[in-house]
$ cat upload.cif   # mmCIF, C-alpha atoms
data_protein
#
loop_
_atom_site.label_atom_id
_atom_site.label_comp_id
_atom_site.auth_asym_id
_atom_site.auth_seq_id
_atom_site.Cartn_x
_atom_site.Cartn_y
_atom_site.Cartn_z
CA MET A 1 0.00 0.00 0.00
CA ARG A 2 1.19 3.51 -0.80
CA LEU A 3 0.73 6.21 1.82
CA HIS A 4 1.06 9.77 0.55
CA HIS A 5 2.88 11.29 3.39
CA SER A 6 4.57 14.29 4.95
CA PRO A 7 6.63 13.99 8.12
CA THR A 8 5.11 17.22 9.45
CA SER A 9 1.41 16.34 8.96
CA PRO A 10 -0.28 15.35 12.22
CA PHE A 11 -3.09 13.61 10.33
CA VAL A 12 -0.52 11.48 8.51
CA ARG A 13 1.07 10.75 11.87
CA LYS A 14 -2.21 9.29 13.18
CA CYS A 15 -2.20 6.77 10.35
CA LEU A 16 1.46 5.92 10.82
CA VAL A 17 1.06 5.39 14.56
CA CYS A 18 -1.88 3.07 13.90
CA ALA A 19 0.15 1.17 11.29
CA HIS A 20 3.04 0.74 13.74
CA GLU A 21 0.76 -0.36 16.58
CA LEU A 22 -1.06 -2.84 14.33
CA GLY A 23 2.13 -4.35 12.89
CA LEU A 24 1.28 -3.07 9.42
CA PHE A 25 4.00 -0.47 8.96
CA ALA A 26 6.11 -2.79 6.80
CA TRP A 27 3.24 -3.01 4.32
CA LEU A 28 3.37 0.73 3.64
CA THR A 29 5.36 2.46 0.95
CA LEU A 30 5.73 6.10 1.93
CA VAL A 31 5.31 8.53 -0.97
CA PRO A 32 6.49 12.08 -0.18
CA ALA A 33 3.84 14.74 -0.67
CA VAL A 34 3.22 18.34 0.27
CA ALA A 35 -0.32 19.52 0.87
CA HIS A 36 -0.76 23.28 1.01
CA PRO A 37 -4.04 25.12 1.55
CA VAL A 38 -3.38 27.65 -1.21
CA GLN A 39 -0.90 26.08 -3.64
CA GLY A 40 -2.63 22.88 -4.70
CA ASP A 41 -0.66 19.82 -5.88
CA ALA A 42 -2.18 18.48 -9.12
CA ARG A 43 -0.81 14.99 -8.51
CA LEU A 44 -2.46 14.76 -5.11
CA ALA A 45 -5.70 16.16 -6.49
CA GLU A 46 -5.90 13.27 -8.97
CA LEU A 47 -6.15 10.91 -6.02
CA ASN A 48 -8.11 13.17 -3.67
CA PRO A 49 -9.75 16.24 -5.20
CA LEU A 50 -9.54 17.93 -1.81
CA GLY A 51 -5.75 17.95 -2.28
CA LYS A 52 -5.09 16.78 1.27
CA ILE A 53 -2.96 14.08 2.84
CA PRO A 54 -2.97 11.38 4.11
CA ILE A 55 -4.07 9.34 1.11
CA LEU A 56 -3.72 5.55 1.08
CA GLU A 57 -3.62 3.72 -2.25
CA THR A 58 -4.59 0.12 -1.63
CA GLU A 59 -4.36 -2.93 -3.87
CA ALA A 60 -7.87 -4.22 -3.17
CA ASP A 61 -9.92 -1.27 -1.96
CA GLY A 62 -8.98 1.69 -4.11
CA VAL A 63 -7.86 5.10 -2.91
CA LEU A 64 -8.75 5.92 0.69
CA TYR A 65 -8.86 9.20 2.59
CA ASP A 66 -9.08 10.90 5.10
CA SER A 67 -7.13 9.88 8.24
CA ARG A 68 -10.22 8.57 10.03
CA VAL A 69 -11.08 6.30 7.13
CA ILE A 70 -7.49 5.10 6.81
CA CYS A 71 -7.13 4.36 10.54
CA GLU A 72 -10.36 2.36 10.53
CA TYR A 73 -9.24 0.53 7.38
CA LEU A 74 -5.89 -0.40 8.92
CA ASP A 75 -7.63 -1.68 12.04
CA THR A 76 -9.90 -3.83 9.90
CA LEU A 77 -6.92 -5.15 7.91
CA ALA A 78 -5.33 -6.18 11.20
CA GLY A 79 -8.41 -8.18 12.16
CA GLY A 80 -10.65 -5.45 13.56
CA GLY A 81 -11.40 -4.34 17.09
CA ARG A 82 -7.79 -3.65 18.01
CA LEU A 83 -7.67 0.16 17.95
CA LEU A 84 -11.39 0.72 17.34
CA PRO A 85 -13.93 -1.32 19.32
CA ALA A 86 -16.76 -2.99 17.40
CA PRO A 87 -20.11 -1.11 17.31
CA GLY A 88 -21.45 -1.04 20.86
CA PRO A 89 -20.95 0.90 24.09
CA ALA A 90 -17.13 0.75 23.96
CA ARG A 91 -16.93 2.23 20.47
CA TRP A 92 -18.55 5.63 20.97
CA PRO A 93 -16.19 7.14 23.55
CA VAL A 94 -13.27 6.13 21.33
CA ARG A 95 -14.91 7.71 18.28
CA VAL A 96 -15.67 10.89 20.22
CA ASP A 97 -12.09 11.11 21.44
CA GLU A 98 -10.92 10.70 17.87
CA ALA A 99 -13.20 13.59 16.86
CA LEU A 100 -11.81 15.61 19.78
CA GLY A 101 -8.20 14.97 18.79
CA ASP A 102 -9.00 15.76 15.15
CA GLY A 103 -10.84 18.90 16.23
CA ILE A 104 -7.88 20.15 18.25
CA LEU A 105 -5.77 19.61 15.15
CA ASP A 106 -8.25 21.35 12.86
CA ALA A 107 -8.20 24.43 15.11
CA ALA A 108 -4.44 24.39 15.65
CA VAL A 109 -3.73 23.90 11.93
CA LEU A 110 -6.17 26.68 10.96
CA ASN A 111 -4.38 29.01 13.35
CA ARG A 112 -1.04 27.88 11.94
CA TYR A 113 -2.26 28.86 8.46
CA GLU A 114 -3.40 32.18 9.90
CA THR A 115 -0.08 32.97 11.55
CA ALA A 116 2.45 31.33 9.22
CA VAL A 117 0.89 31.20 5.75
CA ARG A 118 -1.44 34.22 5.46
CA PRO A 119 0.25 37.55 4.69
CA GLU A 120 0.84 39.38 7.94
CA LYS A 121 -1.31 42.39 7.16
CA LEU A 122 -4.34 40.15 6.51
CA ARG A 123 -4.27 38.31 9.84
CA TRP A 124 -7.28 38.56 12.13
CA ALA A 125 -6.50 38.30 15.83
CA GLU A 126 -10.06 37.28 16.73
CA TRP A 127 -9.92 34.32 14.37
CA SER A 128 -6.69 33.14 15.99
CA ALA A 129 -8.18 33.67 19.43
CA GLY A 130 -11.31 31.72 18.49
CA GLN A 131 -9.32 28.75 17.22
CA MET A 132 -6.93 28.72 20.16
CA ALA A 133 -9.89 28.99 22.56
CA LYS A 134 -11.09 25.67 21.15
CA VAL A 135 -7.65 24.19 21.77
CA GLY A 136 -7.61 25.57 25.31
CA ALA A 137 -11.10 24.27 26.14
CA ALA A 138 -10.18 20.85 24.79
CA LEU A 139 -6.99 20.76 26.88
CA ALA A 140 -8.98 21.69 30.00
CA THR A 141 -11.45 18.88 29.31
CA LEU A 142 -8.65 16.39 28.75
CA GLU A 143 -6.88 17.47 31.96
CA ARG A 144 -10.02 16.60 33.91
CA ARG A 145 -10.34 13.31 32.09
CA ALA A 146 -6.65 12.36 32.15
CA PRO A 147 -6.99 9.58 34.77
CA ALA A 148 -9.49 7.78 32.51
CA LEU A 149 -7.13 7.93 29.53
CA ALA A 150 -4.48 5.85 31.31
CA GLY A 151 -3.92 2.45 29.78
CA ARG A 152 -5.99 3.12 26.69
CA LEU A 153 -4.48 2.66 23.24
CA ASP A 154 -7.02 3.24 20.48
CA VAL A 155 -7.76 5.62 17.62
CA GLY A 156 -9.12 8.09 20.18
CA THR A 157 -6.04 8.27 22.36
CA ILE A 158 -3.80 8.15 19.28
CA ALA A 159 -5.63 11.17 17.81
CA ILE A 160 -5.31 13.02 21.12
CA GLY A 161 -1.63 12.09 21.31
CA CYS A 162 -0.97 13.34 17.78
CA ALA A 163 -2.75 16.58 18.66
CA LEU A 164 -0.56 17.08 21.73
CA GLY A 165 2.51 16.21 19.65
CA TYR A 166 1.46 18.86 17.13
CA LEU A 167 1.19 21.45 19.91
CA ASP A 168 4.75 20.55 20.92
CA PHE A 169 5.86 20.84 17.28
CA ARG A 170 4.16 24.08 16.26
CA TYR A 171 3.17 25.72 19.54
CA ALA A 172 6.08 25.02 21.86
CA PRO A 173 5.85 28.54 23.38
CA LEU A 174 2.29 27.72 24.47
CA GLY A 175 3.82 25.46 27.14
CA TRP A 176 0.60 23.45 27.46
CA ARG A 177 2.08 21.09 30.05
CA SER A 178 2.35 23.63 32.86
CA ALA A 179 -1.41 24.06 33.30
CA HIS A 180 -2.20 20.42 32.46
CA PRO A 181 0.11 18.26 34.58
CA ARG A 182 -2.05 15.13 34.59
CA LEU A 183 -2.48 15.24 30.84
CA ALA A 184 1.26 15.81 30.48
CA ALA A 185 1.98 12.73 32.61
CA TRP A 186 -0.38 10.63 30.49
CA PHE A 187 1.20 11.91 27.28
CA ALA A 188 4.71 11.18 28.56
CA THR A 189 3.81 7.50 28.67
CA LEU A 190 2.16 7.56 25.26
CA GLU A 191 4.92 9.45 23.49
CA ALA A 192 7.52 6.99 24.78
CA ARG A 193 5.96 4.22 22.70
CA PRO A 194 8.01 3.12 19.69
CA SER A 195 5.11 4.07 17.38
CA MET A 196 5.20 7.66 18.61
CA LEU A 197 9.00 7.88 18.69
CA ALA A 198 9.21 6.60 15.11
CA THR A 199 6.79 9.25 13.86
CA ARG A 200 7.97 12.39 15.63
CA PRO A 201 7.93 15.42 13.35
CA PRO A 202 11.42 16.64 12.38
CA ALA A 203 12.89 19.39 14.52
CA GLY A 204 13.00 22.78 12.85
CA ALA A 205 10.68 21.93 9.94
CA MET B 1 -31.96 12.05 22.47
CA ARG B 2 -31.16 15.73 22.25
CA LEU B 3 -29.58 17.05 19.06
CA HIS B 4 -27.99 20.46 19.35
CA HIS B 5 -28.99 21.91 16.08
CA SER B 6 -29.03 24.84 13.69
CA PRO B 7 -31.18 24.81 10.56
CA THR B 8 -28.34 26.36 8.56
CA SER B 9 -25.57 23.90 9.52
CA PRO B 10 -24.86 21.39 6.75
CA PHE B 11 -23.18 19.02 9.23
CA VAL B 12 -26.33 19.03 11.35
CA ARG B 13 -28.31 18.37 8.19
CA LYS B 14 -26.32 15.17 7.53
CA CYS B 15 -27.40 13.83 10.92
CA LEU B 16 -31.02 14.86 10.41
CA VAL B 17 -31.20 13.24 6.98
CA CYS B 18 -29.79 10.02 8.43
CA ALA B 19 -32.31 10.15 11.28
CA HIS B 20 -35.19 10.62 8.83
CA GLU B 21 -34.00 7.83 6.54
CA LEU B 22 -33.52 5.46 9.48
CA GLY B 23 -36.92 6.20 11.03
CA LEU B 24 -35.30 7.72 14.11
CA PHE B 25 -36.30 11.36 13.68
CA ALA B 26 -39.13 11.08 16.21
CA TRP B 27 -36.58 10.09 18.86
CA LEU B 28 -34.76 13.40 18.54
CA THR B 29 -35.42 16.53 20.54
CA LEU B 30 -33.95 19.46 18.63
CA VAL B 31 -32.15 21.99 20.82
CA PRO B 32 -31.44 25.31 19.06
CA ALA B 33 -27.78 26.29 19.04
CA VAL B 34 -25.50 28.69 17.26
CA ALA B 35 -21.90 27.73 16.62
CA HIS B 36 -19.65 30.57 15.53
CA PRO B 37 -15.92 30.30 14.79
CA VAL B 38 -15.02 33.43 16.74
CA GLN B 39 -17.76 34.01 19.32
CA GLY B 40 -17.81 30.77 21.29
CA ASP B 41 -20.96 29.55 23.06
CA ALA B 42 -20.12 28.50 26.63
CA ARG B 43 -23.11 26.18 26.85
CA LEU B 44 -22.04 24.26 23.76
CA ALA B 45 -18.45 24.15 24.97
CA GLU B 46 -19.55 22.31 28.11
CA LEU B 47 -20.74 19.45 25.89
CA ASN B 48 -18.09 19.74 23.19
CA PRO B 49 -15.01 21.84 24.00
CA LEU B 50 -14.59 22.45 20.28
CA GLY B 51 -17.79 24.50 20.45
CA LYS B 52 -19.20 22.96 17.28
CA ILE B 53 -22.51 21.41 16.32
CA PRO B 54 -23.96 18.85 15.77
CA ILE B 55 -23.82 17.38 19.27
CA LEU B 56 -26.03 14.44 20.26
CA GLU B 57 -26.81 13.85 23.93
CA THR B 58 -27.84 10.23 24.35
CA GLU B 59 -29.41 8.42 27.27
CA ALA B 60 -27.10 5.40 27.18
CA ASP B 61 -23.95 6.50 25.41
CA GLY B 62 -23.11 9.95 26.64
CA VAL B 63 -22.42 13.02 24.53
CA LEU B 64 -21.50 12.31 20.92
CA TYR B 65 -19.88 14.47 18.23
CA ASP B 66 -19.03 15.11 15.38
CA SER B 67 -21.44 14.46 12.49
CA ARG B 68 -19.58 11.36 11.34
CA VAL B 69 -19.77 9.80 14.76
CA ILE B 70 -23.45 10.70 15.13
CA CYS B 71 -24.39 9.30 11.70
CA GLU B 72 -22.61 6.03 12.47
CA TYR B 73 -24.28 5.90 15.89
CA LEU B 74 -27.74 6.42 14.40
CA ASP B 75 -27.11 3.68 11.84
CA THR B 76 -26.10 1.32 14.63
CA LEU B 77 -29.20 2.25 16.69
CA ALA B 78 -31.31 1.36 13.66
CA GLY B 79 -29.75 -2.08 13.48
CA GLY B 80 -26.55 -1.35 11.57
CA GLY B 81 -25.58 -1.73 7.94
CA ARG B 82 -28.39 0.44 6.61
CA LEU B 83 -26.58 3.65 5.69
CA LEU B 84 -23.06 2.39 6.41
CA PRO B 85 -22.04 -1.08 5.20
CA ALA B 86 -20.30 -3.39 7.68
CA PRO B 87 -16.48 -3.50 7.53
CA GLY B 88 -15.55 -5.04 4.19
CA PRO B 89 -15.23 -4.03 0.53
CA ALA B 90 -18.57 -2.19 0.42
CA ARG B 91 -17.75 0.03 3.38
CA TRP B 92 -14.67 1.88 2.15
CA PRO B 93 -16.13 3.66 -0.90
CA VAL B 94 -18.99 4.87 1.30
CA ARG B 95 -16.56 6.13 3.93
CA VAL B 96 -14.43 7.87 1.30
CA ASP B 97 -17.51 9.55 -0.19
CA GLU B 98 -18.46 10.71 3.29
CA ALA B 99 -14.97 12.20 3.66
CA LEU B 100 -15.34 13.82 0.23
CA GLY B 101 -18.71 15.37 1.11
CA ASP B 102 -17.36 16.56 4.45
CA GLY B 103 -14.26 17.93 2.74
CA ILE B 104 -16.32 19.93 0.25
CA LEU B 105 -18.19 21.35 3.23
CA ASP B 106 -15.02 22.12 5.16
CA ALA B 107 -13.67 24.10 2.20
CA ALA B 108 -16.97 25.84 1.42
CA VAL B 109 -17.56 26.74 5.07
CA LEU B 110 -13.99 28.07 5.46
CA ASN B 111 -14.53 30.27 2.44
CA ARG B 112 -17.87 31.39 3.84
CA TYR B 113 -16.07 32.48 7.03
CA GLU B 114 -13.53 34.28 4.87
CA THR B 115 -16.11 36.18 2.83
CA ALA B 116 -18.95 36.71 5.32
CA VAL B 117 -17.41 36.70 8.82
CA ARG B 118 -13.87 38.10 8.47
CA PRO B 119 -13.58 41.88 8.24
CA GLU B 120 -13.38 42.85 4.60
CA LYS B 121 -9.96 44.43 4.72
CA LEU B 122 -8.44 41.22 6.14
CA ARG B 123 -9.66 38.89 3.42
CA TRP B 124 -7.12 36.97 1.35
CA ALA B 125 -8.19 36.21 -2.19
CA GLU B 126 -5.70 33.35 -2.56
CA TRP B 127 -7.16 31.59 0.47
CA SER B 128 -10.64 31.82 -1.00
CA ALA B 129 -9.33 30.62 -4.36
CA GLY B 130 -7.57 27.67 -2.73
CA GLN B 131 -10.68 26.56 -0.87
CA MET B 132 -12.96 26.98 -3.87
CA ALA B 133 -10.45 25.09 -6.05
CA LYS B 134 -10.99 22.12 -3.74
CA VAL B 135 -14.73 22.47 -4.21
CA GLY B 136 -14.31 22.71 -7.99
CA ALA B 137 -12.04 19.68 -8.18
CA ALA B 138 -14.46 17.66 -6.06
CA LEU B 139 -17.40 18.67 -8.29
CA ALA B 140 -15.45 17.62 -11.39
CA THR B 141 -14.67 14.24 -9.82
CA LEU B 142 -18.31 13.75 -8.84
CA GLU B 143 -19.51 14.70 -12.33
CA ARG B 144 -17.37 11.89 -13.77
CA ARG B 145 -18.66 9.49 -11.14
CA ALA B 146 -22.32 10.55 -11.23
CA PRO B 147 -23.61 7.41 -12.99
CA ALA B 148 -22.20 5.25 -10.19
CA LEU B 149 -23.95 7.35 -7.52
CA ALA B 150 -27.39 6.50 -8.89
CA GLY B 151 -29.51 4.38 -6.58
CA ARG B 152 -27.14 4.70 -3.63
CA LEU B 153 -28.43 5.95 -0.29
CA ASP B 154 -25.76 5.86 2.41
CA VAL B 155 -23.71 8.19 4.61
CA GLY B 156 -21.48 8.88 1.60
CA THR B 157 -24.20 10.02 -0.78
CA ILE B 158 -25.97 11.84 2.06
CA ALA B 159 -22.77 13.78 2.84
CA ILE B 160 -22.33 14.62 -0.85
CA GLY B 161 -25.98 15.65 -1.06
CA CYS B 162 -25.67 17.94 1.97
CA ALA B 163 -22.57 19.48 0.42
CA LEU B 164 -24.42 20.21 -2.83
CA GLY B 165 -27.34 21.57 -0.82
CA TYR B 166 -24.94 23.88 0.99
CA LEU B 167 -23.61 25.17 -2.33
CA ASP B 168 -27.19 25.96 -3.32
CA PHE B 169 -27.74 27.69 0.03
CA ARG B 170 -24.56 29.77 0.30
CA TYR B 171 -23.12 29.76 -3.22
CA ALA B 172 -26.13 30.05 -5.50
CA PRO B 173 -24.27 32.45 -7.84
CA LEU B 174 -21.71 29.70 -8.43
CA GLY B 175 -24.34 27.90 -10.51
CA TRP B 176 -22.61 24.55 -10.07
CA ARG B 177 -25.26 22.68 -12.07
CA SER B 178 -24.41 24.19 -15.45
CA ALA B 179 -20.99 22.53 -15.70
CA HIS B 180 -22.09 19.35 -13.91
CA PRO B 181 -25.30 18.19 -15.56
CA ARG B 182 -25.04 14.52 -14.62
CA LEU B 183 -24.35 15.37 -10.99
CA ALA B 184 -27.25 17.82 -11.06
CA ALA B 185 -29.58 15.10 -12.38
CA TRP B 186 -28.46 12.73 -9.63
CA PHE B 187 -28.93 15.41 -6.97
CA ALA B 188 -32.42 16.26 -8.28
CA THR B 189 -33.50 12.73 -7.37
CA LEU B 190 -31.81 12.83 -3.97
CA GLU B 191 -33.11 16.23 -2.96
CA ALA B 192 -36.69 15.18 -3.75
CA ARG B 193 -36.58 12.65 -0.92
CA PRO B 194 -38.70 13.57 2.12
CA SER B 195 -35.54 13.47 4.31
CA MET B 196 -33.91 16.17 2.20
CA LEU B 197 -37.07 18.24 1.79
CA ALA B 198 -37.63 18.22 5.56
CA THR B 199 -34.12 19.49 6.24
CA ARG B 200 -33.68 22.23 3.65
CA PRO B 201 -31.95 25.30 5.07
CA PRO B 202 -34.27 28.30 5.42
CA ALA B 203 -34.31 30.76 2.55
CA GLY B 204 -32.59 34.04 3.25
CA ALA B 205 -30.84 32.91 6.46
#
$ encode --input "upload.cif" --output "structure tokens"
Amino acid sequence: MRLHHSPTSPFVRKCLVCAHELGLFAWLTLVPAVAHPVQGDARLAELNPLGKIPILETEADGVLYDSRVICEYLDTLAGGGRLLPAPGPARWPVRVDEALGDGILDAAVLNRYETAVRPEKLRWAEWSAGQMAKVGAALATLERRAPALAGRLDVGTIAIGCALGYLDFRYAPLGWRSAHPRLAAWFATLEARPSMLATRPPAGA
Amino acid sequence: MRLHHSPTSPFVRKCLVCAHELGLFAWLTLVPAVAHPVQGDARLAELNPLGKIPILETEADGVLYDSRVICEYLDTLAGGGRLLPAPGPARWPVRVDEALGDGILDAAVLNRYETAVRPEKLRWAEWSAGQMAKVGAALATLERRAPALAGRLDVGTIAIGCALGYLDFRYAPLGWRSAHPRLAAWFATLEARPSMLATRPPAGA
């Protein structure tokens, strides 16, 4: 399978962490790609008209996107029910946590576009504040819930972990750990896993 | 179940269409809500720290978001496999089409924020062009694929239908039908369904 990939994309990272945890990483061929919100890549758009990564080209099941679809697909390939519980009471909290992790990323990435891609004179402080307020509210929720995250490894906690890793990568000055010590302790255990170590974004990118 | 709801949100509409099609609409209590990217709603944030709708409060399974999670949950409540095929070859194209419909909406909504919410002097034409290029590429892909959409009713075609409905609602001057006649013919059949008629956004909102 071919995974269109960038080492700095947190949504790609989710898929890679799942692949590592499921023992499927060796099946992936990584194809370098750059997805940009303004300068579209025609080659990516042939596979996904939205021009976004990750994209997984499979032998049997066509071209798959986005990260949620790919993570579920990988779990199914590995037998199912390993990182995503079968439909039933255990599934929904995992799905909601995945949506929460993805939502933190959506807000943090939108603010990154605002502050690093958009011309400086066109930036809107209230937009940035609105997006980062979502990130802050999500962190506060996760700090309260941190004890219940312990010991879980699923698409929900992986999405949350990739979101926290993205904050470390792009928002280091935010220093999210100081106000969220229980969440920081949980994340320290998660980010020590080989799957997370193998997929850390490059320093200085 | 309580669905936090706005009649203008296309992501809410996805959930409502699924509920209608699954015979679950009568189980929903609609709770009016307004989600805004800059002015957060503290009451919504208590349920979903991302401050976004739809949010479904359930009796047995807690608070669920986002629209993808809610649509899957409703399908499971209705017995499963009705709007979302079980894991296997039939599931992945439906999931990808759901991601495509959601992605059209993400781009169209981001451009709506750019052109209707952001102060005029801070708008960036290239951002708008980048988002609408995603919409255009997705429409071109769907026009090629329109014959294969016929007769399908699932979370994928519902997401695509809600995306096209949103273009009619917020981008009427775009006139997407003229360059996409086969897609328009497919959508004419879908939007005549009672589930779509019952969930049309209000004119002039």
$ atom_distance --input "upload.cif" --atom1 "atom CA of A:Arg170" --atom2 "atom CA of A:Thr115"
10.9 Å
$ atom_distance --input "upload.cif" --atom1 "atom CA of A:Tyr73" --atom2 "atom CA of B:Arg152"
21.4 Å
$ resolve_selection --input "upload.cif" --expression "the PyMOL selection byres ((chain A) within 6 of (chain B))" --output "compact mmCIF listing (two decimals) with C-alpha atoms, in the frame of the given file"
# COMPACT_ATOMS: atom_id res chain seq x y z
CA VAL A 38 -3.38 27.65 -1.21
CA PRO A 49 -9.75 16.24 -5.20
CA LEU A 50 -9.54 17.93 -1.81
CA TYR A 65 -8.86 9.20 2.59
CA VAL A 96 -15.67 10.89 20.22
CA LEU A 122 -4.34 40.15 6.51
CA TRP A 127 -9.92 34.32 14.37
CA GLY A 130 -11.31 31.72 18.49
CA LYS A 134 -11.09 25.67 21.15
CA ALA A 137 -11.10 24.27 26.14
CA ALA A 138 -10.18 20.85 24.79
$ atom_distance --input "upload.cif" --atom1 "atom CA of A:Ala33" --atom2 "atom CA of A:Met1"
15.2 Å
$ resolve_selection --input "upload.cif" --expression "the PyMOL selection byres ((chain A and resi 10) around 12)" --output "PyMOL selection string"
chain A and resi 5-9+11-17+53-54+67+101-106+108-109+158-170+196+199-202
$ closest_residue --input "upload.cif" --among "A:Ala150, A:Gly175, A:Glu21, A:Val155" --to "A:Ala188" --atoms "all atoms listed in the file"
A:Ala150
$ axis_aligned_box --input "upload.cif" --around "stretch 158-165 of chain B" --padding-each-side "5 Å" --output "JSON"
{"center_x": -24.8, "center_y": 16.7, "center_z": 0.0, "size_x": 15.0, "size_y": 19.7, "size_z": 15.7}
$ build_atoms --input "upload.cif" --residues "stretch 76-96 of chain A" --atoms "N, CA and C atoms" --output "CSV table (one decimal), in the frame of the given file"
chain,number,residue,atom,x,y,z
A,76,THR,N,-9.2,-2.7,10.5
A,76,THR,CA,-9.9,-3.8,9.9
A,76,THR,C,-8.9,-4.8,9.2
A,77,LEU,N,-7.9,-4.3,8.5
A,77,LEU,CA,-6.9,-5.2,7.9
A,77,LEU,C,-6.2,-6.0,9.0
A,78,ALA,N,-6.0,-5.5,10.1
A,78,ALA,CA,-5.3,-6.2,11.2
A,78,ALA,C,-6.3,-7.1,12.0
A,79,GLY,N,-7.5,-7.2,11.5
A,79,GLY,CA,-8.4,-8.2,12.2
A,79,GLY,C,-9.6,-7.5,12.8
A,80,GLY,N,-9.5,-6.2,13.0
A,80,GLY,CA,-10.6,-5.4,13.6
A,80,GLY,C,-10.7,-5.5,15.1
A,81,GLY,N,-11.2,-4.4,15.6
A,81,GLY,CA,-11.4,-4.3,17.1
A,81,GLY,C,-10.1,-4.1,17.9
A,82,ARG,N,-9.0,-3.8,17.3
A,82,ARG,CA,-7.8,-3.6,18.0
A,82,ARG,C,-7.6,-2.2,18.5
A,83,LEU,N,-7.8,-1.3,17.6
A,83,LEU,CA,-7.7,0.2,18.0
A,83,LEU,C,-9.0,0.9,17.9
A,84,LEU,N,-10.0,0.2,17.5
A,84,LEU,CA,-11.4,0.7,17.3
A,84,LEU,C,-12.4,-0.4,17.7
A,85,PRO,N,-13.0,-0.3,18.9
A,85,PRO,CA,-13.9,-1.3,19.3
A,85,PRO,C,-15.1,-1.5,18.3
A,86,ALA,N,-15.6,-2.7,18.3
A,86,ALA,CA,-16.8,-3.0,17.4
A,86,ALA,C,-17.9,-2.1,17.8
A,87,PRO,N,-18.9,-1.9,16.9
A,87,PRO,CA,-20.1,-1.1,17.3
A,87,PRO,C,-20.7,-1.6,18.6
A,88,GLY,N,-21.0,-0.7,19.5
A,88,GLY,CA,-21.4,-1.0,20.9
A,88,GLY,C,-20.9,0.0,21.8
A,89,PRO,N,-21.3,-0.1,23.1
A,89,PRO,CA,-21.0,0.9,24.1
A,89,PRO,C,-19.5,1.3,24.1
A,90,ALA,N,-18.6,0.4,23.9
A,90,ALA,CA,-17.1,0.8,24.0
A,90,ALA,C,-16.7,1.6,22.8
A,91,ARG,N,-17.4,1.5,21.7
A,91,ARG,CA,-16.9,2.2,20.5
A,91,ARG,C,-17.1,3.7,20.5
A,92,TRP,N,-18.2,4.2,21.1
A,92,TRP,CA,-18.6,5.6,21.0
A,92,TRP,C,-17.6,6.5,21.7
A,93,PRO,N,-17.2,6.2,22.9
A,93,PRO,CA,-16.2,7.1,23.6
A,93,PRO,C,-14.9,7.2,22.8
A,94,VAL,N,-14.5,6.1,22.1
A,94,VAL,CA,-13.3,6.1,21.3
A,94,VAL,C,-13.5,7.0,20.1
A,95,ARG,N,-14.6,6.9,19.4
A,95,ARG,CA,-14.9,7.7,18.3
A,95,ARG,C,-15.0,9.2,18.7
A,96,VAL,N,-15.6,9.5,19.8
A,96,VAL,CA,-15.7,10.9,20.2
A,96,VAL,C,-14.3,11.4,20.5
